[in-house]
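Below: one structure, written as structure tokens.
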Amino acid sequence: MMGGWPRRIAAALLIAIAAFALAGPVLIGLDPAQQDLGRTLMPPGGGDLLGTDNLGRSLLARLAQAAQISFLLALLSVSSAAIAGVSTGLAAAWWGGWMERILVAIADMMLAIPGLLLVFLLIAFAPGEVWLIYAAISLTLWIEYFRVVRATARPILAGSEVQAARLLGFGATYIIRRHVLPEVAPLLLTLMAYGAATTVLAVASLGYINVGIHPPTAELGQMMSEYFPYYRAAPWLIAAPITLLATGLLCLALLASRDKPQ
Amino acid sequence: MRSIASLLGRRVLQALLAALFVSSLCFFMVRFLPGDIAFDIASGRYGQEMTTQAAAAEVRAELGLDKPMAAAWLSSVSALARFDLGRSYTLGKPVWGLIREQLGHTLQLSGLAMLFSLLIGPPIGIIAALRPGGLVDRLNLLGSALLRALPPFATGIILIIIFAASLHWLPAAGHTQRGTIILPALTLALGLAAVSSRVVRSAMIDVARSAYFHFPLTKGLPLSTVVLRHGVRNMAVPVIAHLAMQFVYLIEGAIVVETLFAWPGIGHALSHAVRERDIPLIQGAVLVMAILFVLFNMVIDLVLVALDPRMRAG
């Protein structure tokens, strides 16, 4: 039903968003926190490409900064969670025994607390601290990698190919690289796309509740809560962050759906 | 029935560990937060001017901050075992009473959201499954993808702009007015239905392709009988297994949607508590939601075992 082209478009759009996030703030060259109370709620198309907000700040500069923060947090959280989850998952599958049981118990325990709830709980230590947002989100994300890697690696490690490799004297690194990782890798890509979407959503939710990134730093969720009251006078203000967020998440979902999308 | 016992045992253990984890985190939060928390609480309770060293010391003793760490931790665990959740720092009332009231509002909202989503999701999924690739199926795929790409609060903002601010059909927010529950419930329901319609669709397609569905048709039973006797029960397994994910969505969605619509539920309370660092209230809200989540999962485990005999053997 769906060929390869939606995923190709999604990948291209994601690359565009990534470029906007990484290079945008420098290229635009405007301070996203610079207020100009003489030029508030300017419509798009004027001097500032996307207009100005309720405090006269450039909407484009704010969007770029918000995109940068969400993008970097997603990149960092997903890679940390993947590294932690894959290594613990492999360790559990390789050694088994008590270590595996303890790791499974920890994962089970954390699974009892829905992800966003855990992030909220941890964020209460220091609301608004970026490192804590990163740590809290990574802590909720690693579980999926751990579970998937452990479940995939266990039957492979118990199988006859690995037994043969062991008898031939190959070491752990070789067996894992040669027999386990090729099976795990395609699953990881899906998990990482989902993880990035989860991170972006969580950061926006925190921002929306005003416990996320500190203002005046722009953040998508916080922009939505700030611009909502102006939807009649300046509808582009609320439309911009929602559109950017939805486009990014839609592309991530398309990338994550490997075969037929549900 | 050994498998059922071990299923239940695992869930109970999971709930206990999670409760211990949450309460320990909150315990360390009180001890390691920067600033003198006893002073903050005392000033919140008696007002900035009335806060004396004596008042702060009283609060410190109440929190057990003057006791050694291990003893204080043990007494916090024993308080938890007695279901004593302490008093809210900001409101001064026992957390249990606050949460009981908020939970009622949240259950009311999630119940209605669930009902709306059942009216929207599964019927669309079944219609889409009748002609995979047809118009309804494509529209459903598009709508579901769009809704899934929106965080619940953004869906809510769009609904408010359409139904409350532009059309004036429904009140936008609050709790006292009639009909205020409809928009937040619809917000959550759309998010739920976006997923459940697709799950129902693919479950229905799988069942319709199977031999056990075709055989009674070939033997001449009417379609309705076949769907009821062979379709629904088999279809229910993946759909019910998916309910656990829907519950996660409801809990996570409740936090932001209740805040957006000023609905006085447990999610609204949690977001306030995090902002104000009202640790007993955070602990209470997270504990109650986590335990509800585990209970819900336990019920789903049991229903799945009852529906699918294959799960009883393993």
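Convention: chains lettered A, B, ... in structure tokens order; per-chain residue numbering from 1; ligands numbered from 1 as shown.
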Step one, run DSSP on the backbone; step two, keep only residues of range 26-174 of chain B assigned to alpha helix (DSSP H); then write them as an mmCIF file with C-alpha atoms, in the first residue's frame.
data_model
loop_
_atom_site.group_PDB
_atom_site.id
_atom_site.type_symbol
_atom_site.label_atom_id
_atom_site.label_comp_id
_atom_site.auth_asym_id
_atom_site.auth_seq_id
_atom_site.Cartn_x
_atom_site.Cartn_y
_atom_site.Cartn_z
ATOM 1 C CA CYS B 26 11.271 11.260 47.128
ATOM 2 C CA PHE B 27 13.113 10.620 50.401
ATOM 3 C CA PHE B 28 16.444 11.558 48.836
ATOM 4 C CA MET B 29 14.852 14.518 47.136
ATOM 5 C CA VAL B 30 13.911 15.997 50.518
ATOM 6 C CA ARG B 31 17.455 15.492 51.809
ATOM 7 C CA PHE B 32 19.499 16.613 48.840
ATOM 8 C CA ILE B 37 13.673 22.710 52.761
ATOM 9 C CA ALA B 38 12.449 22.912 56.364
ATOM 10 C CA PHE B 39 12.701 26.689 56.210
ATOM 11 C CA ASP B 40 10.853 26.790 52.888
ATOM 12 C CA ILE B 41 8.034 24.634 54.207
ATOM 13 C CA ALA B 42 7.777 26.638 57.430
ATOM 14 C CA SER B 43 7.551 29.874 55.462
ATOM 15 C CA GLY B 44 4.956 28.350 53.191
ATOM 16 C CA ARG B 45 2.932 27.308 56.215
ATOM 17 C CA TYR B 46 3.248 30.278 58.534
ATOM 18 C CA GLN B 53 14.321 29.241 63.625
ATOM 19 C CA ALA B 54 12.036 27.482 66.093
ATOM 20 C CA ALA B 55 9.344 26.933 63.470
ATOM 21 C CA ALA B 56 11.931 25.605 61.015
ATOM 22 C CA ALA B 57 13.326 23.279 63.668
ATOM 23 C CA GLU B 58 9.835 21.979 64.340
ATOM 24 C CA VAL B 59 9.371 21.194 60.628
ATOM 25 C CA ARG B 60 12.815 19.604 60.526
ATOM 26 C CA ALA B 61 11.875 17.283 63.377
ATOM 27 C CA GLU B 62 8.548 16.505 61.687
ATOM 28 C CA LEU B 63 10.352 15.493 58.480
ATOM 29 C CA MET B 69 19.855 8.932 57.228
ATOM 30 C CA ALA B 70 19.283 5.185 57.627
ATOM 31 C CA ALA B 71 16.830 5.572 60.508
ATOM 32 C CA ALA B 72 14.925 8.262 58.660
ATOM 33 C CA TRP B 73 14.730 6.122 55.535
ATOM 34 C CA LEU B 74 13.406 3.149 57.513
ATOM 35 C CA SER B 75 10.743 5.286 59.123
ATOM 36 C CA SER B 76 9.743 6.632 55.692
ATOM 37 C CA VAL B 77 9.361 3.053 54.429
ATOM 38 C CA SER B 78 7.294 2.101 57.442
ATOM 39 C CA ALA B 79 5.100 5.160 56.893
ATOM 40 C CA LEU B 80 4.542 3.967 53.355
ATOM 41 C CA ALA B 81 3.674 0.473 54.610
ATOM 42 C CA VAL B 95 -2.101 13.803 50.832
ATOM 43 C CA TRP B 96 -4.490 10.836 50.948
ATOM 44 C CA GLY B 97 -7.565 13.033 51.174
ATOM 45 C CA LEU B 98 -6.373 15.320 48.367
ATOM 46 C CA ILE B 99 -5.539 12.428 46.084
ATOM 47 C CA ARG B 100 -8.800 10.608 46.735
ATOM 48 C CA GLU B 101 -10.724 13.625 45.583
ATOM 49 C CA GLN B 102 -8.499 14.307 42.560
ATOM 50 C CA LEU B 103 -8.490 10.675 41.560
ATOM 51 C CA GLY B 104 -12.281 10.765 41.364
ATOM 52 C CA HIS B 105 -12.110 13.617 38.851
ATOM 53 C CA THR B 106 -9.380 11.880 36.854
ATOM 54 C CA LEU B 107 -11.271 8.577 36.750
ATOM 55 C CA GLN B 108 -14.386 10.418 35.612
ATOM 56 C CA LEU B 109 -12.424 12.099 32.816
ATOM 57 C CA SER B 110 -10.561 8.963 31.719
ATOM 58 C CA GLY B 111 -13.742 6.896 31.887
ATOM 59 C CA LEU B 112 -15.544 9.267 29.543
ATOM 60 C CA ALA B 113 -12.459 9.462 27.288
ATOM 61 C CA MET B 114 -12.392 5.649 27.126
ATOM 62 C CA LEU B 115 -16.112 5.586 26.272
ATOM 63 C CA PHE B 116 -15.718 8.191 23.513
ATOM 64 C CA SER B 117 -12.715 6.358 22.108
ATOM 65 C CA LEU B 118 -14.638 3.066 22.043
ATOM 66 C CA LEU B 119 -17.396 4.791 20.081
ATOM 67 C CA ILE B 120 -14.885 6.249 17.608
ATOM 68 C CA GLY B 121 -11.975 3.798 17.284
ATOM 69 C CA PRO B 122 -13.194 0.199 16.895
ATOM 70 C CA PRO B 123 -16.124 0.965 14.535
ATOM 71 C CA ILE B 124 -13.812 2.901 12.195
ATOM 72 C CA GLY B 125 -11.226 0.114 12.461
ATOM 73 C CA ILE B 126 -13.774 -2.567 11.525
ATOM 74 C CA ILE B 127 -15.105 -0.548 8.589
ATOM 75 C CA ALA B 128 -11.520 0.087 7.419
ATOM 76 C CA ALA B 129 -10.743 -3.628 7.689
ATOM 77 C CA LEU B 130 -13.680 -4.596 5.469
ATOM 78 C CA LEU B 135 -11.218 5.157 1.127
ATOM 79 C CA VAL B 136 -12.134 4.695 4.810
ATOM 80 C CA ASP B 137 -8.905 2.808 5.424
ATOM 81 C CA ARG B 138 -6.771 5.511 3.821
ATOM 82 C CA LEU B 139 -8.560 8.347 5.637
ATOM 83 C CA ASN B 140 -8.218 6.419 8.897
ATOM 84 C CA LEU B 141 -4.486 5.925 8.286
ATOM 85 C CA LEU B 142 -4.007 9.620 7.553
ATOM 86 C CA GLY B 143 -6.061 10.820 10.523
ATOM 87 C CA SER B 144 -4.406 8.372 12.862
ATOM 88 C CA ALA B 145 -0.898 9.388 11.723
ATOM 89 C CA LEU B 146 -1.701 13.087 12.148
ATOM 90 C CA LEU B 147 -3.254 12.639 15.590
ATOM 91 C CA ARG B 148 -0.341 10.513 16.739
ATOM 92 C CA PRO B 152 -2.334 15.657 23.580
ATOM 93 C CA PHE B 153 -2.095 19.269 24.702
ATOM 94 C CA ALA B 154 -1.691 20.426 21.084
ATOM 95 C CA THR B 155 -4.770 18.399 20.064
ATOM 96 C CA GLY B 156 -6.567 20.048 22.973
ATOM 97 C CA ILE B 157 -5.467 23.535 21.896
ATOM 98 C CA ILE B 158 -6.783 22.880 18.378
ATOM 99 C CA LEU B 159 -10.102 21.549 19.748
#
(request) Kindly provide, as a ChimeraX atom specification, the residues of chain A having any atom no farther than 10 Å from an atom of chain B, counting only C-alpha atoms. (result) /A:1-2,105-118,120-128,197,200-202,204-206,208-212,221,224-225,228,231-232,238-239,241-243,245-254,261-262
(request) For CA of Pro235 in chain A and CA of Gly38 in chain A, quote the distance in Å rounded to one decimal. (result)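 Calculated distance between CA of Pro235 in chain A and CA of Gly38 in chain A is 19.5 Å.
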(request) May I ask which of the residues B:Gly220, B:Pro68, B:Val257, B:Arg310 is the closest one to Leu186 in chain B, counting only C-alpha atoms? (result)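 With only C-alpha atoms as the atom set, the closest residue is B:Val257.
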(message) Neighbouring residues of range 229-240 of chain B were defined as those with any atom within 7 Å, considering only C-alpha atoms; residues of the same chain fewer than 2 positions away were excluded. Please report them as a ChimeraX atom specification.
(response) /B:199-200,203-204,207,213,225-227,242-243,300,304
(request) Grab the CA of Ala193 in chain A to CA of Phe20 in chain A distance for me, in Å with one decimal place. (result)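 So the answer is 18.7 Å.
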